[in-house]
Structures are given as C-alpha cells and as structure tokens.
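Have a look at data37.pdb; it's PDB, C-alpha atoms:
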ATOM      1  CA  MET A  29     115.463  66.384 118.873
ATOM      2  CA  LYS A  30     113.563  69.135 120.570
ATOM      3  CA  LYS A  31     109.890  68.689 121.026
ATOM      4  CA  VAL A  32     107.874  70.796 118.627
ATOM      5  CA  LEU A  33     105.288  72.938 120.298
ATOM      6  CA  LEU A  34     102.166  73.846 118.423
ATOM      7  CA  VAL A  35     100.326  76.926 119.546
ATOM      8  CA  LEU A  36      96.899  77.628 118.103
ATOM      9  CA  LEU A  37      95.464  81.070 118.476
ATOM     10  CA  LEU A  38      91.826  81.625 117.643
ATOM     11  CA  VAL A  39      90.934  85.184 116.823
ATOM     12  CA  PHE A  40      87.318  86.140 116.498
ATOM     13  CA  PHE A  41      86.213  89.089 114.402
ATOM     14  CA  VAL A  42      82.616  90.212 114.553
ATOM     15  CA  ALA A  43      81.647  92.442 111.658
ATOM     16  CA  ALA A  44      78.271  94.128 111.643
ATOM     17  CA  ALA A  45      76.796  94.870 108.234
ATOM     18  CA  GLU A  46      73.553  96.714 107.546
ATOM     19  CA  ALA A  47      71.333  93.666 107.649
ATOM     20  CA  GLN A  48      73.541  90.854 108.868
ATOM     21  CA  HIS A  49      76.101  89.858 111.488
ATOM     22  CA  ILE A  50      79.083  87.813 110.388
ATOM     23  CA  VAL A  51      81.287  85.880 112.776
ATOM     24  CA  ILE A  52      84.657  85.021 111.289
ATOM     25  CA  ILE A  53      87.107  82.613 112.922
ATOM     26  CA  VAL A  54      90.777  82.666 111.970
ATOM     27  CA  THR A  55      93.278  80.058 113.123
ATOM     28  CA  PHE A  56      96.997  80.799 113.254
ATOM     29  CA  ALA A  57      99.564  78.072 113.855
ATOM     30  CA  TRP A  58     103.046  78.723 115.244
ATOM     31  CA  MET A  59     105.684  75.978 115.491
ATOM     32  CA  PRO A  60     108.791  77.361 117.243
ATOM     33  CA  GLY A  61     110.649  74.087 116.760
ATOM     34  CA  MET A  62     110.912  74.601 113.013
ATOM     35  CA  THR A  63     114.479  74.514 111.723
ATOM     36  CA  ASN A  64     113.968  77.230 109.121
ATOM     37  CA  LEU A  65     113.308  80.821 110.144
ATOM     38  CA  PRO A  66     109.736  81.750 109.226
ATOM     39  CA  GLU A  67     109.684  84.226 106.369
ATOM     40  CA  HIS A  68     107.981  86.889 108.464
ATOM     41  CA  GLY A  69     110.076  86.256 111.568
ATOM     42  CA  PHE A  70     109.423  85.786 115.280
ATOM     43  CA  LEU A  71     110.434  89.271 116.423
ATOM     44  CA  PRO A  72     107.682  91.849 116.943
ATOM     45  CA  GLY A  73     107.244  94.670 114.479
ATOM     46  CA  LYS A  74     105.978  98.206 114.455
ATOM     47  CA  LYS A  75     102.228  98.767 114.387
ATOM     48  CA  PHE A  76     100.610  98.625 110.946
ATOM     49  CA  LYS A  77     100.551 102.115 109.424
ATOM     50  CA  PHE A  78      98.160 103.608 106.904
ATOM     51  CA  TYR A  79     100.066 105.799 104.454
ATOM     52  CA  PRO A  80      98.521 108.797 102.682
ATOM     53  CA  ALA A  81      98.066 108.827  98.918
ATOM     54  CA  VAL A  82     101.075 109.845  96.867
ATOM     55  CA  GLY A  83      99.004 112.088  94.582
ATOM     56  CA  LYS A  84      96.313 114.695  95.236
ATOM     57  CA  TYR A  85      92.700 114.060  94.251
ATOM     58  CA  ASP A  86      89.426 115.933  94.468
ATOM     59  CA  LEU A  87      86.190 114.180  93.602
ATOM     60  CA  GLY A  88      84.164 117.075  94.971
ATOM     61  CA  GLY A  89      82.245 115.258  97.692
ATOM     62  CA  LYS A  90      81.101 112.383  95.477
ATOM     63  CA  ARG A  91      78.884 110.055  97.509
ATOM     64  CA  LEU A  92      79.539 106.346  97.073
ATOM     65  CA  ARG A  93      78.243 103.160  98.557
ATOM     66  CA  VAL A  94      81.354 100.962  98.665
ATOM     67  CA  GLU A  95      80.880  97.211  98.897
ATOM     68  CA  LEU A  96      84.037  95.273  99.759
ATOM     69  CA  HIS A  97      84.085  91.569  98.899
ATOM     70  CA  ASP A  98      86.928  89.245  99.881
ATOM     71  CA  GLU A  99      87.315  86.773  97.016
ATOM     72  CA  ARG A 100      90.715  85.393  98.050
ATOM     73  CA  ASP A 101      89.488  82.167  99.570
ATOM     74  CA  SER A 102      87.447  81.240  96.496
ATOM     75  CA  LEU A 103      90.137  82.253  93.974
ATOM     76  CA  LYS A 104      93.108  80.823  95.918
ATOM     77  CA  LEU A 105      95.600  82.651  93.707
ATOM     78  CA  LYS A 106      99.242  81.587  93.981
ATOM     79  CA  GLN A 107     100.502  84.269  91.612
ATOM     80  CA  VAL A 108      99.234  87.557  90.215
ATOM     81  CA  ASP A 109      99.538  88.754  86.630
ATOM     82  CA  CYS A 110     101.800  91.689  87.454
ATOM     83  CA  SER A 111     104.507  89.704  89.272
ATOM     84  CA  PRO A 112     106.722  86.637  88.842
ATOM     85  CA  VAL A 113     106.786  86.215  92.631
ATOM     86  CA  GLU A 114     104.810  83.273  93.961
ATOM     87  CA  MET A 115     102.454  84.009  96.819
ATOM     88  CA  THR A 116     102.557  81.809  99.916
ATOM     89  CA  ASN A 117      99.705  83.548 101.746
ATOM     90  CA  THR A 118     101.399  82.997 105.108
ATOM     91  CA  SER A 119     101.521  86.603 106.311
ATOM     92  CA  GLU A 120      99.180  87.998 108.951
ATOM     93  CA  PHE A 121      97.059  89.504 106.159
ATOM     94  CA  GLU A 122      96.015  86.098 104.839
ATOM     95  CA  GLY A 123      92.639  85.952 106.618
ATOM     96  CA  PRO A 124      89.908  88.326 107.801
ATOM     97  CA  TYR A 125      92.489  90.707 109.261
ATOM     98  CA  GLY A 126      93.590  91.521 105.720
ATOM     99  CA  THR A 127      90.008  92.377 104.762
ATOM    100  CA  HIS A 128      89.723  94.587 107.835
ATOM    101  CA  VAL A 129      92.911  96.441 106.860
ATOM    102  CA  VAL A 130      91.675  97.061 103.306
ATOM    103  CA  GLU A 131      88.343  98.310 104.640
ATOM    104  CA  ASN A 132      90.099 100.810 106.894
ATOM    105  CA  TYR A 133      92.451 101.815 104.087
ATOM    106  CA  ILE A 134      89.444 102.714 101.930
ATOM    107  CA  ASP A 135      88.223 104.965 104.746
ATOM    108  CA  SER A 136      91.626 106.609 105.149
ATOM    109  CA  LEU A 137      92.210 107.320 101.431
ATOM    110  CA  PHE A 138      88.752 108.057 100.061
ATOM    111  CA  ALA A 139      87.834 110.880 102.461
ATOM    112  CA  PRO A 140      90.917 113.064 101.684
ATOM    113  CA  ALA A 141      90.179 112.491  97.977
ATOM    114  CA  GLY A 142      86.757 114.099  98.332
ATOM    115  CA  ILE A 143      84.755 110.861  98.383
ATOM    116  CA  VAL A 144      81.948 110.535 100.906
ATOM    117  CA  LEU A 145      81.177 106.954 101.944
ATOM    118  CA  ASP A 146      77.420 106.678 102.204
ATOM    119  CA  THR A 147      75.534 103.379 102.586
ATOM    120  CA  ALA A 148      72.421 105.066 101.176
ATOM    121  CA  ALA A 149      74.138 106.400  98.041
ATOM    122  CA  THR A 150      72.732 105.348  94.667
ATOM    123  CA  ASP A 151      76.216 105.101  93.111
ATOM    124  CA  VAL A 152      77.660 101.720  94.091
ATOM    125  CA  LEU A 153      81.346 100.796  93.856
ATOM    126  CA  LYS A 154      81.964  97.077  94.252
ATOM    127  CA  VAL A 155      85.524  96.293  95.308
ATOM    128  CA  ASN A 156      86.778  92.706  95.108
ATOM    129  CA  LEU A 157      89.909  91.817  97.062
ATOM    130  CA  GLU A 158      91.489  88.998  95.051
ATOM    131  CA  ALA A 159      95.039  88.764  96.429
ATOM    132  CA  LEU A 160      97.088  90.262  99.248
ATOM    133  CA  ASP A 161     100.478  89.013 100.344
ATOM    134  CA  ALA A 162     103.933  90.193 101.369
ATOM    135  CA  ARG A 163     107.086  88.285 100.486
ATOM    136  CA  LEU A 164     110.632  88.704 101.761
ATOM    137  CA  ILE A 165     112.799  87.229  99.024
ATOM    138  CA  GLY A 166     116.466  86.404  99.356
ATOM    139  CA  PHE A 167     119.003  85.644 102.068
ATOM    140  CA  GLY A 168     121.124  88.449 103.477
ATOM    141  CA  ASN A 169     120.190  90.936 100.769
ATOM    142  CA  ILE A 170     116.421  90.654 101.088
ATOM    143  CA  THR A 171     113.909  92.270  98.755
ATOM    144  CA  ALA A 172     110.480  92.977 100.192
ATOM    145  CA  HIS A 173     107.536  92.514  97.814
ATOM    146  CA  GLY A 174     104.028  93.815  98.465
ATOM    147  CA  LEU A 175     101.495  91.997  96.287
ATOM    148  CA  CYS A 176      97.921  93.156  95.921
ATOM    149  CA  LYS A 177      95.210  92.517  93.355
ATOM    150  CA  MET A 178      91.717  93.982  93.302
ATOM    151  CA  SER A 179      88.947  94.401  90.789
ATOM    152  CA  ILE A 180      86.069  96.841  90.836
ATOM    153  CA  VAL A 181      82.664  96.942  89.241
ATOM    154  CA  TRP A 182      81.727 100.528  88.437
ATOM    155  CA  ASN A 183      78.964 101.773  86.135
ATOM    156  CA  GLY A 184      78.504  98.262  84.811
ATOM    157  CA  ASN A 185      82.170  97.851  83.871
ATOM    158  CA  THR A 186      84.856  95.714  85.519
ATOM    159  CA  HIS A 187      88.359  97.078  86.025
ATOM    160  CA  ASN A 188      91.364  95.127  87.308
ATOM    161  CA  TYR A 189      94.266  96.457  89.362
ATOM    162  CA  CYS A 190      97.464  94.642  90.277
ATOM    163  CA  VAL A 191     100.589  95.788  92.134
ATOM    164  CA  ASP A 192     103.949  94.274  93.006
ATOM    165  CA  ILE A 193     105.779  97.005  94.885
ATOM    166  CA  THR A 194     109.254  96.441  96.324
ATOM    167  CA  ASP A 195     111.338  98.306  98.857
ATOM    168  CA  LYS A 196     113.343  99.674  95.903
ATOM    169  CA  ASP A 197     110.302 101.431  94.442
ATOM    170  CA  PRO A 198     110.209 105.248  94.774
ATOM    171  CA  HIS A 199     106.731 104.975  96.336
ATOM    172  CA  SER A 200     107.902 102.539  99.003
ATOM    173  CA  PRO A 201     107.713 103.984 102.540
ATOM    174  CA  ILE A 202     110.799 101.942 103.439
ATOM    175  CA  SER A 203     114.169 101.843 101.734
ATOM    176  CA  SER A 204     115.973  98.668 100.734
ATOM    177  CA  HIS A 205     118.715  99.551 103.259
ATOM    178  CA  ALA A 206     116.386 100.108 106.237
ATOM    179  CA  PHE A 207     117.170  98.135 109.389
ATOM    180  CA  VAL A 208     113.833  96.688 110.501
ATOM    181  CA  THR A 209     112.457  93.375 111.720
ATOM    182  CA  ARG A 210     110.909  90.997 109.215
ATOM    183  CA  LYS A 211     107.493  91.665 110.737
ATOM    184  CA  THR A 212     107.883  95.418 110.231
ATOM    185  CA  GLY A 213     109.108  94.948 106.663
ATOM    186  CA  THR A 214     106.099  92.746 105.921
ATOM    187  CA  ARG A 215     103.647  95.290 107.314
ATOM    188  CA  VAL A 216     105.190  98.286 105.579
ATOM    189  CA  ILE A 217     105.366  96.710 102.118
ATOM    190  CA  ALA A 218     101.867  95.187 102.377
ATOM    191  CA  SER A 219     100.519  98.588 103.381
ATOM    192  CA  ALA A 220     102.245 100.212 100.414
ATOM    193  CA  ALA A 221     100.747  97.629  98.032
ATOM    194  CA  ILE A 222      97.206  98.249  99.278
ATOM    195  CA  ARG A 223      97.687 102.001  98.993
ATOM    196  CA  GLU A 224      99.014 101.707  95.423
ATOM    197  CA  VAL A 225      95.995  99.702  94.263
ATOM    198  CA  LEU A 226      93.439 101.938  95.977
ATOM    199  CA  GLU A 227      95.135 105.024  94.579
ATOM    200  CA  LYS A 228      94.807 103.588  91.067
ATOM    201  CA  ILE A 229      91.103 103.098  91.742
ATOM    202  CA  ILE A 230      90.736 106.695  92.980
ATOM    203  CA  THR A 231      92.523 107.943  89.862
ATOM    204  CA  ASP A 232      90.034 106.151  87.619
ATOM    205  CA  LEU A 233      87.089 107.399  89.657
ATOM    206  CA  GLU A 234      88.336 110.978  89.339
ATOM    207  CA  PHE A 235      88.777 110.564  85.591
ATOM    208  CA  ASP A 236      85.229 109.232  85.330
ATOM    209  CA  LYS A 237      83.521 111.847  87.503
TER     210      LYS A 237
END

Turn the structure described in the file into structure tokens.
Amino acid sequence: MKKVLLVLLLVFFVAAAEAQHIVIIVTFAWMPGMTNLPEHGFLPGKKFKFYPAVGKYDLGGKRLRVELHDERDSLKLKQVDCSPVEMTNTSEFEGPYGTHVVENYIDSLFAPAGIVLDTAATDVLKVNLEALDARLIGFGNITAHGLCKMSIVWNGNTHNYCVDITDKDPHSPISSHAFVTRKTGTRVIASAAIREVLEKIITDLEFDK
C-alpha cells in the first residue's frame, strides 16, 4: 500500500477595512494517495474569470456603501432551498478566497450597472454570503452545478437570493459538452452562480431606485 502523503498549504490573506485589519488563515489539505479521484481534480484549470451581467442596467450613478459579510462558517449549510444537490464545501471557494471572489465580483458588476461604491455613502447595502459551492455530479456524463445563496438588507428589509445553475442552463458560460478539466469546470460554474445572484440583487435595486 502506497504511503499517503499529506501536504498542508497555509495561505494568508490580509484584508484592510476602514478601521480594522483582519488576518485570515486558510488551511488546504491534499492527499494524493486517495483511491478516489477528488471531485475537483488534480489537473490545473484556467484562471478564474469574472463574467459580465447578462442584462443591461442603469442605476444612474447611485452611491452605495456595500458591506459584505461571510456567514458561511456560522450557518454551515449543507443544502440550499433552491437545489436538491448537497453541498460538500470542498472547492477552492470554501474559505476566505470565496469571499474575496464575491467582493471582486461586486466591483465588476456594480460599476457597469451605474452603481458607485462609496464607503461614505448614506445608503447602505448589507450583503450576506450564506453559501457558495460547485459540484460535479455524475460519472462520465457529468453535470456541473454552481450553488450560491446570499441575502441582503436594504432599506430595512431582508431579501434572499438562491441559485443552482448548471452547465445546461442558457446563462452558463460553458456548455455541457465542453472539454475542460474538472478545476476549470468548477471555476466557471461557480463564477456563473455568483454572477446570477448578484444580477438578481442589481435587478431589485434598479426596481427600487
């Protein structure tokens, strides 16, 4: 029996907020001696890509202070309301990197929609990241699922958003017949799920302007 090697990689993220400095430590474990192929594969994938919104929006330069809160660790959701697929939370988005991606996605989608991010703005949008995962389901004929759940607090009201997008969805940037590595498939479908949720939020903000 081959000796199992355990490789621990510590990644440090330093995030500077207005009045505080947060040091986040994430530990990833890789065991190449495992008999089953990891769901997200060993092969490298293409760099994570931020996709533009599907629709067109114009909030006319609305200034918002956006506060992003990662609630995943406290909620520890194994399933979201909009999907029968169980979450394993074993993708690269499971920790602080996932929060970082969502933060950058807000930047990339809000500006083209006519939203100005301003830490001094009086209008505050609280965004809670509650779930983010990507699943590759099946053997041979694999279906990629992007799972994302967020809630927002806006004007004193709470709104919930949940997405389970697959590679068969018309909004998916990748087709179900695409030849890509598992890592690439994971990144593409997770990116699509984040975009879908944030676009729903933008739609509601535009309706409420």

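Residues matched by the PyMOL selection byres ((chain A and resi 139-142) around 9) in this file: Pro80, Ala81, Lys84, Tyr85, Asp86, Leu87, Gly88, Gly89, Lys90, Arg91, Ile134, Asp135, Ser136, Leu137, Phe138, Ile143, Val144, Leu145, Ile230 and Glu234 of chain A.
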
Would you output that residue set with C-alpha atoms, as a PDB file, in the frame of the given file?
ATOM      1  CA  PRO A  80      98.521 108.797 102.682  1.00  0.00           C
ATOM      2  CA  ALA A  81      98.066 108.827  98.918  1.00  0.00           C
ATOM      3  CA  LYS A  84      96.313 114.695  95.236  1.00  0.00           C
ATOM      4  CA  TYR A  85      92.700 114.060  94.251  1.00  0.00           C
ATOM      5  CA  ASP A  86      89.426 115.933  94.468  1.00  0.00           C
ATOM      6  CA  LEU A  87      86.190 114.180  93.602  1.00  0.00           C
ATOM      7  CA  GLY A  88      84.164 117.075  94.971  1.00  0.00           C
ATOM      8  CA  GLY A  89      82.245 115.258  97.692  1.00  0.00           C
ATOM      9  CA  LYS A  90      81.101 112.383  95.477  1.00  0.00           C
ATOM     10  CA  ARG A  91      78.884 110.055  97.509  1.00  0.00           C
ATOM     11  CA  ILE A 134      89.444 102.714 101.930  1.00  0.00           C
ATOM     12  CA  ASP A 135      88.223 104.965 104.746  1.00  0.00           C
ATOM     13  CA  SER A 136      91.626 106.609 105.149  1.00  0.00           C
ATOM     14  CA  LEU A 137      92.210 107.320 101.431  1.00  0.00           C
ATOM     15  CA  PHE A 138      88.752 108.057 100.061  1.00  0.00           C
ATOM     16  CA  ILE A 143      84.755 110.861  98.383  1.00  0.00           C
ATOM     17  CA  VAL A 144      81.948 110.535 100.906  1.00  0.00           C
ATOM     18  CA  LEU A 145      81.177 106.954 101.944  1.00  0.00           C
ATOM     19  CA  ILE A 230      90.736 106.695  92.980  1.00  0.00           C
ATOM     20  CA  GLU A 234      88.336 110.978  89.339  1.00  0.00           C
TER      21      GLU A 234
END

Answer key for the PyMOL selection byres ((chain A and resi 151) around 10), residues as JSON, numbers by chain: {"A": [90, 91, 92, 93, 94, 146, 147, 148, 149, 150, 152, 153, 154, 182, 183]}

Report the residues retrieved by the PyMOL selection byres ((chain A and resi 199) around 10) from the displayed file, expressed as a list in words.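 When the PyMOL selection byres ((chain A and resi 199) around 10) is applied to the shown file, the picked residues are Ala81, Val82, Ile193, Thr194, Asp195, Lys196, Asp197, Pro198, Ser200, Pro201, Ile202, Ser203, Ala220, Ala221, Arg223 and Glu224 of chain A.
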
Would you write out those residues with C-alpha atoms, as a PDB file, keeping the file's coordinate frame?
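Result written to part-v7.pdb:
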ATOM      1  CA  ALA A  81      98.066 108.827  98.918  1.00  0.00           C
ATOM      2  CA  VAL A  82     101.075 109.845  96.867  1.00  0.00           C
ATOM      3  CA  ILE A 193     105.779  97.005  94.885  1.00  0.00           C
ATOM      4  CA  THR A 194     109.254  96.441  96.324  1.00  0.00           C
ATOM      5  CA  ASP A 195     111.338  98.306  98.857  1.00  0.00           C
ATOM      6  CA  LYS A 196     113.343  99.674  95.903  1.00  0.00           C
ATOM      7  CA  ASP A 197     110.302 101.431  94.442  1.00  0.00           C
ATOM      8  CA  PRO A 198     110.209 105.248  94.774  1.00  0.00           C
ATOM      9  CA  SER A 200     107.902 102.539  99.003  1.00  0.00           C
ATOM     10  CA  PRO A 201     107.713 103.984 102.540  1.00  0.00           C
ATOM     11  CA  ILE A 202     110.799 101.942 103.439  1.00  0.00           C
ATOM     12  CA  SER A 203     114.169 101.843 101.734  1.00  0.00           C
ATOM     13  CA  ALA A 220     102.245 100.212 100.414  1.00  0.00           C
ATOM     14  CA  ALA A 221     100.747  97.629  98.032  1.00  0.00           C
ATOM     15  CA  ARG A 223      97.687 102.001  98.993  1.00  0.00           C
ATOM     16  CA  GLU A 224      99.014 101.707  95.423  1.00  0.00           C
TER      17      GLU A 224
END

Using all atoms listed in the file for the distances, tell me which of A:Glu95, A:Phe76, A:Ser111, A:Cys190 is nearest to Tyr125 in chain A.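 Closest candidate: A:Phe76.
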
Could you tell me how far CA of Ile180 in chain A sits from CA of Asp161 in chain A, in Å to one decimal place? 19.0 Å

Using all atoms listed in the file, which residues sit within 12 Å of Lys104 in chain A once same-chain residues fewer than 6 positions away are excluded, as a list in words? Asp98, Met115, Thr116, Asn117, Glu122, Gly123, Leu157, Glu158, Ala159, Leu160 and Asp161 of chain A

For CA of Leu233 in chain A and CA of Tyr79 in chain A, the interatomic separation in Å (one decimal):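 For CA of Leu233 in chain A relative to CA of Tyr79 in chain A, the distance reads 19.7 Å.
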